[in-house]
Amino acid sequence: MKKTSLFLVLALSTGALFAQKKTTTSATVNFDATTSIDALPKAENKTAVAALDTKTGSVAFEVVIKNFNFTNPMIQEHFNSSGWMDSDQFATANFKGSIVNLADVNFAKDGSYNADVEGNLTIHGVTNPVKTKAVITVEGKKINANATFSIKLEDYKVTGKAIAAGKVAKEPTITVSADF
Amino acid sequence: MSKKGKWILAIVSILILSGAAVVWYIFNQEFSDTADRKVSFTVEANDFIREFETDSKRANQLYTEKIVAVNGIVSAVESADTTTNIKMIDTAKGSYIIFAFQQQHLADAKKLKEGDRVSIKGSCSGGTYSEILETWLISFKRCAINK
């Protein structure tokens with residue numbers, strides 16, 4: 001009897017843990033480095049991996065650099081080249097952080113919540129702390145997390161003539177959207 | 001202007017115009033429809049995943065940025081935002097291939113169901129190990145049904 005109870009408690013705890021950590025393999029990350037003189041440097045990646053723990057507030061995402069889809073083949077080649085993202089060496093970018101105002105987000109009640117997210121963003125092998133606002137929308141069992149923020153390319157050691165020439169924004173906008 | 005001078009001016013003008021035309025072409029070029037692209041490799045999903053699991057360096061060198069047709073069973077149809085991705089999962093280890101479709105072929109992706117046998121071709125972006133999922137993932141962009 002004791003063994004059965006213990007098993008039940010363990011099984012329920014494990015189930016609860018799985019329910020708290022939500023993941024998706026189809027999060028979207030948009031990268032927009034367009035400027036007034038060049039509309040080409042922007043891309044979309046639809047296969048980012050994202051995780052959200054509704055109990056602890058931890059959030060994470062990973063994105064395969066080579067899976068950013070540009071409209072123009074030459075810009076995509078430049079983006080992946082050793083002078084830019086060097087995607088052969090740095091295949092992924094990732095973020096690990098948490099919702100710092102978790103008490104303001106009620107995952108059990110439908111609604112739209114403003115979340116303050118802080119963590120470390122690694123791009124091009126360089127890690128920097130970032131803070132951003134995110135909007136978390138709860139609708140039934142579905143959760144959507146959406147955040148838009150800017151980064152300074154030079155902070156991630158991404159430099160080049162095109163940036164100096166104003167063809168690529170020095171501070172591109174990154175938009176992340178994940179449905180859990 | 002001398003006859004020689006006119007010739008030089010004409011040649012220089014032609015060179016400048018040709019250069020401008022090449023630059024214009026490069027900057028306005030777009031990726032072609034994957035449905036019309038020639039396939040470099042045709043593979044079975046589970047064998048393909050195993051190649052990355054056993055020797056990712058070799059597999060990445062071989063397949064990355066190539067048009068690859070993958071035959072397999074649809075394990076999941078993931079709709080998010082305005083897009084739909086198709087997944088083929090190796091149930092033994094959890095490693096998976098994920099296909100993001102080209103805009104003009106999204107409707108085909110939305111028609112697929114779990115369990116369908118299908119051939120999908122697209123630009124392989126290579127395989128990486130996911131720290132979040134603790135498994136291998138191989139991603140594709142600009143995909144279309146391989147008819």
# chains A, B, ... in the order shown; residues from 1 in each chain; ligands from 1
call {"tool": "interface_residues", "arguments": {"of": "chain A", "to": "chain B", "cutoff": "10 Å", "atoms": "only C-alpha atoms", "output": "ChimeraX atom specification"}}
result
/A:23-28,38,40,44-51,60-75,88,91-92,94,96,144,177-180
call {"tool": "write_last_selection", "arguments": {"atoms": "N, CA and C atoms", "output": "CSV table (one decimal), in the first residue's frame"}}
result
chain,number,residue,atom,x,y,z
A,23,THR,N,7.4,23.4,-24.1
A,23,THR,CA,8.4,23.6,-25.1
A,23,THR,C,7.7,23.7,-26.5
A,24,THR,N,8.4,24.4,-27.4
A,24,THR,CA,7.9,24.3,-28.8
A,24,THR,C,9.2,24.3,-29.7
A,25,THR,N,9.0,23.6,-30.9
A,25,THR,CA,10.1,23.6,-31.8
A,25,THR,C,9.7,24.5,-33.1
A,26,SER,N,8.7,25.2,-32.9
A,26,SER,CA,8.3,26.1,-34.1
A,26,SER,C,8.1,27.5,-33.6
A,27,ALA,N,9.0,28.0,-32.8
A,27,ALA,CA,8.9,29.4,-32.4
A,27,ALA,C,9.5,30.2,-33.6
A,28,THR,N,9.1,31.5,-33.7
A,28,THR,CA,9.6,32.3,-34.8
A,28,THR,C,10.5,33.4,-34.3
A,38,ASP,N,18.8,50.4,-47.5
A,38,ASP,CA,18.8,49.0,-47.9
A,38,ASP,C,17.7,48.2,-47.2
A,40,LEU,N,17.1,45.0,-47.7
A,40,LEU,CA,17.3,43.5,-47.9
A,40,LEU,C,17.7,42.8,-46.6
A,44,GLU,N,13.7,35.6,-41.5
A,44,GLU,CA,12.8,35.0,-40.5
A,44,GLU,C,13.3,33.5,-40.3
A,45,ASN,N,13.2,33.1,-39.1
A,45,ASN,CA,13.5,31.7,-38.7
A,45,ASN,C,12.3,31.1,-38.0
A,46,LYS,N,11.7,30.1,-38.6
A,46,LYS,CA,10.4,29.6,-38.1
A,46,LYS,C,10.6,28.3,-37.3
A,47,THR,N,11.8,27.9,-37.0
A,47,THR,CA,12.0,26.6,-36.4
A,47,THR,C,12.8,26.8,-35.1
A,48,ALA,N,12.7,27.9,-34.4
A,48,ALA,CA,13.4,28.1,-33.1
A,48,ALA,C,12.8,27.2,-32.1
A,49,VAL,N,13.7,26.7,-31.2
A,49,VAL,CA,13.3,25.9,-30.0
A,49,VAL,C,13.1,26.9,-28.9
A,50,ALA,N,12.0,26.8,-28.2
A,50,ALA,CA,11.7,27.7,-27.0
A,50,ALA,C,11.2,26.9,-25.9
A,51,ALA,N,11.5,27.3,-24.7
A,51,ALA,CA,11.0,26.6,-23.5
A,51,ALA,C,10.5,27.7,-22.4
A,60,ALA,N,13.8,30.1,-22.3
A,60,ALA,CA,15.0,29.9,-23.1
A,60,ALA,C,14.6,29.7,-24.5
A,61,PHE,N,15.5,30.1,-25.4
A,61,PHE,CA,15.3,29.8,-26.8
A,61,PHE,C,16.6,29.6,-27.5
A,62,GLU,N,16.6,28.7,-28.5
A,62,GLU,CA,17.7,28.5,-29.4
A,62,GLU,C,17.3,28.6,-30.8
A,63,VAL,N,18.2,29.1,-31.6
A,63,VAL,CA,17.9,29.3,-33.0
A,63,VAL,C,19.1,28.9,-33.9
A,64,VAL,N,18.8,28.1,-34.9
A,64,VAL,CA,19.9,27.7,-35.9
A,64,VAL,C,20.1,28.8,-36.9
A,65,ILE,N,21.3,29.4,-36.8
A,65,ILE,CA,21.6,30.6,-37.7
A,65,ILE,C,21.4,30.3,-39.2
A,66,LYS,N,21.8,29.1,-39.6
A,66,LYS,CA,21.6,28.8,-41.0
A,66,LYS,C,20.2,28.7,-41.5
A,67,ASN,N,19.3,28.6,-40.5
A,67,ASN,CA,17.9,28.4,-40.9
A,67,ASN,C,17.1,29.8,-41.0
A,68,PHE,N,17.9,30.9,-40.9
A,68,PHE,CA,17.3,32.2,-41.2
A,68,PHE,C,17.1,32.3,-42.7
A,69,ASN,N,15.9,32.6,-43.1
A,69,ASN,CA,15.5,32.6,-44.5
A,69,ASN,C,15.4,34.1,-45.0
A,70,PHE,N,16.3,34.4,-45.9
A,70,PHE,CA,16.3,35.7,-46.5
A,70,PHE,C,15.6,35.6,-47.9
A,71,THR,N,15.2,36.7,-48.4
A,71,THR,CA,14.6,36.7,-49.8
A,71,THR,C,15.7,36.7,-50.8
A,72,ASN,N,16.9,37.3,-50.5
A,72,ASN,CA,18.0,37.5,-51.4
A,72,ASN,C,19.1,36.5,-51.1
A,73,PRO,N,19.5,35.7,-52.1
A,73,PRO,CA,20.5,34.7,-51.8
A,73,PRO,C,21.9,35.3,-51.4
A,74,MET,N,22.3,36.4,-52.0
A,74,MET,CA,23.6,37.0,-51.7
A,74,MET,C,23.6,37.5,-50.2
A,75,ILE,N,22.5,38.2,-49.8
A,75,ILE,CA,22.5,38.7,-48.4
A,75,ILE,C,22.6,37.5,-47.4
A,88,ASP,N,29.2,28.6,-39.6
A,88,ASP,CA,29.9,27.3,-39.6
A,88,ASP,C,30.5,27.1,-38.2
A,91,ALA,N,27.0,27.9,-34.8
A,91,ALA,CA,25.8,27.4,-35.5
A,91,ALA,C,24.5,27.9,-34.9
A,92,THR,N,24.5,28.2,-33.6
A,92,THR,CA,23.3,28.6,-33.0
A,92,THR,C,23.4,29.9,-32.2
A,94,ASN,N,21.5,31.6,-28.7
A,94,ASN,CA,20.5,31.2,-27.7
A,94,ASN,C,20.3,32.3,-26.6
A,96,LYS,N,19.0,32.4,-22.4
A,96,LYS,CA,18.6,31.7,-21.2
A,96,LYS,C,18.3,32.8,-20.1
A,144,ASN,N,1.0,32.2,-25.5
A,144,ASN,CA,1.8,32.8,-26.5
A,144,ASN,C,2.7,33.8,-25.8
A,177,SER,N,8.5,35.1,-31.2
A,177,SER,CA,7.1,34.7,-30.9
A,177,SER,C,7.1,33.2,-30.7
A,178,ALA,N,6.5,32.8,-29.6
A,178,ALA,CA,6.4,31.3,-29.3
A,178,ALA,C,5.0,31.0,-28.8
A,179,ASP,N,4.5,29.9,-29.5
A,179,ASP,CA,3.2,29.4,-29.0
A,179,ASP,C,3.5,28.1,-28.2
A,180,PHE,N,3.0,28.0,-27.0
A,180,PHE,CA,3.2,26.8,-26.2
A,180,PHE,C,1.9,26.1,-26.0
call {"tool": "residues_around", "arguments": {"residues": "Ile145 (chain B)", "least_positions_apart": "2", "cutoff": "8 Å", "atoms": "only C-alpha atoms", "output": "MDAnalysis selection string"}}
result
chainID B and resid 35 105 108:109 118:121 143 147
call {"tool": "write_last_selection", "arguments": {"atoms": "N, CA and C atoms", "output": "PDB file, in the first residue's frame"}}
result
ATOM      1  N   ALA B  35      10.179  23.907 -55.561  1.00  0.00           N
ATOM      2  CA  ALA B  35       9.529  22.837 -56.340  1.00  0.00           C
ATOM      3  C   ALA B  35      10.236  22.640 -57.690  1.00  0.00           C
ATOM      4  N   HIS B 105       4.078  27.304 -50.748  1.00  0.00           N
ATOM      5  CA  HIS B 105       3.758  25.888 -50.540  1.00  0.00           C
ATOM      6  C   HIS B 105       3.179  25.610 -49.149  1.00  0.00           C
ATOM      7  N   ASP B 108       0.119  23.351 -48.923  1.00  0.00           N
ATOM      8  CA  ASP B 108       0.393  21.905 -49.020  1.00  0.00           C
ATOM      9  C   ASP B 108       0.764  21.345 -47.646  1.00  0.00           C
ATOM     10  N   ALA B 109       1.554  22.109 -46.890  1.00  0.00           N
ATOM     11  CA  ALA B 109       1.971  21.659 -45.556  1.00  0.00           C
ATOM     12  C   ALA B 109       0.760  21.520 -44.641  1.00  0.00           C
ATOM     13  N   VAL B 118       5.273  10.905 -46.875  1.00  0.00           N
ATOM     14  CA  VAL B 118       5.466  12.055 -47.755  1.00  0.00           C
ATOM     15  C   VAL B 118       6.937  12.201 -48.147  1.00  0.00           C
ATOM     16  N   SER B 119       7.168  12.899 -49.238  1.00  0.00           N
ATOM     17  CA  SER B 119       8.530  13.270 -49.623  1.00  0.00           C
ATOM     18  C   SER B 119       8.591  14.797 -49.658  1.00  0.00           C
ATOM     19  N   ILE B 120       9.486  15.357 -48.861  1.00  0.00           N
ATOM     20  CA  ILE B 120       9.601  16.819 -48.772  1.00  0.00           C
ATOM     21  C   ILE B 120      11.006  17.223 -49.192  1.00  0.00           C
ATOM     22  N   LYS B 121      11.095  18.240 -50.037  1.00  0.00           N
ATOM     23  CA  LYS B 121      12.430  18.731 -50.391  1.00  0.00           C
ATOM     24  C   LYS B 121      12.591  20.189 -49.980  1.00  0.00           C
ATOM     25  N   CYS B 143      10.836  24.863 -47.968  1.00  0.00           N
ATOM     26  CA  CYS B 143      10.483  23.495 -48.394  1.00  0.00           C
ATOM     27  C   CYS B 143       9.255  23.460 -49.295  1.00  0.00           C
ATOM     28  N   LYS B 147       7.205  16.296 -55.582  1.00  0.00           N
ATOM     29  CA  LYS B 147       6.219  15.572 -56.400  1.00  0.00           C
ATOM     30  C   LYS B 147       6.903  14.822 -57.526  1.00  0.00           C
TER      31      LYS B 147
END
call {"tool": "atom_distance", "arguments": {"atom1": "CA of Asp116 (chain A)", "atom2": "CA of Gly57 (chain A)"}}
result
10.5 Å
call {"tool": "residues_around", "arguments": {"residues": "region 52-56 of chain A", "least_positions_apart": "5", "cutoff": "9 Å", "atoms": "only C-alpha atoms", "output": "mmCIF file with C-alpha atoms, in the first residue's frame"}}
result
data_model
loop_
_atom_site.group_PDB
_atom_site.id
_atom_site.type_symbol
_atom_site.label_atom_id
_atom_site.label_comp_id
_atom_site.auth_asym_id
_atom_site.auth_seq_id
_atom_site.Cartn_x
_atom_site.Cartn_y
_atom_site.Cartn_z
ATOM 1 C CA LEU A 17 6.708 18.927 -13.611
ATOM 2 C CA ALA A 19 3.086 20.246 -17.335
ATOM 3 C CA GLN A 20 5.042 23.217 -15.980
ATOM 4 C CA LYS A 21 7.834 23.091 -18.540
ATOM 5 C CA LYS A 22 6.406 23.871 -21.938
ATOM 6 C CA THR A 23 8.412 23.648 -25.140
ATOM 7 C CA PHE A 61 15.279 29.763 -26.800
ATOM 8 C CA SER A 98 13.668 34.248 -16.587
ATOM 9 C CA ILE A 99 10.556 36.308 -15.995
ATOM 10 C CA LEU A 102 6.433 36.167 -12.347
ATOM 11 C CA PHE A 107 -0.846 31.243 -16.330
ATOM 12 C CA PHE A 180 3.238 26.826 -26.184
#
call {"tool": "residues_around", "arguments": {"residues": "region 134-142 of chain A", "least_positions_apart": "6", "cutoff": "8 Å", "atoms": "only C-alpha atoms", "output": "number ranges by chain"}}
result
A: 105, 107-117, 148, 179-180
call {"tool": "select_by_dssp", "arguments": {"residues": "region 15-130 of chain A", "states": "strand (DSSP E)", "output": "PyMOL selection string"}}
result
chain A and resi 21-32+42-53+58-64+92-99+111-123+126-130
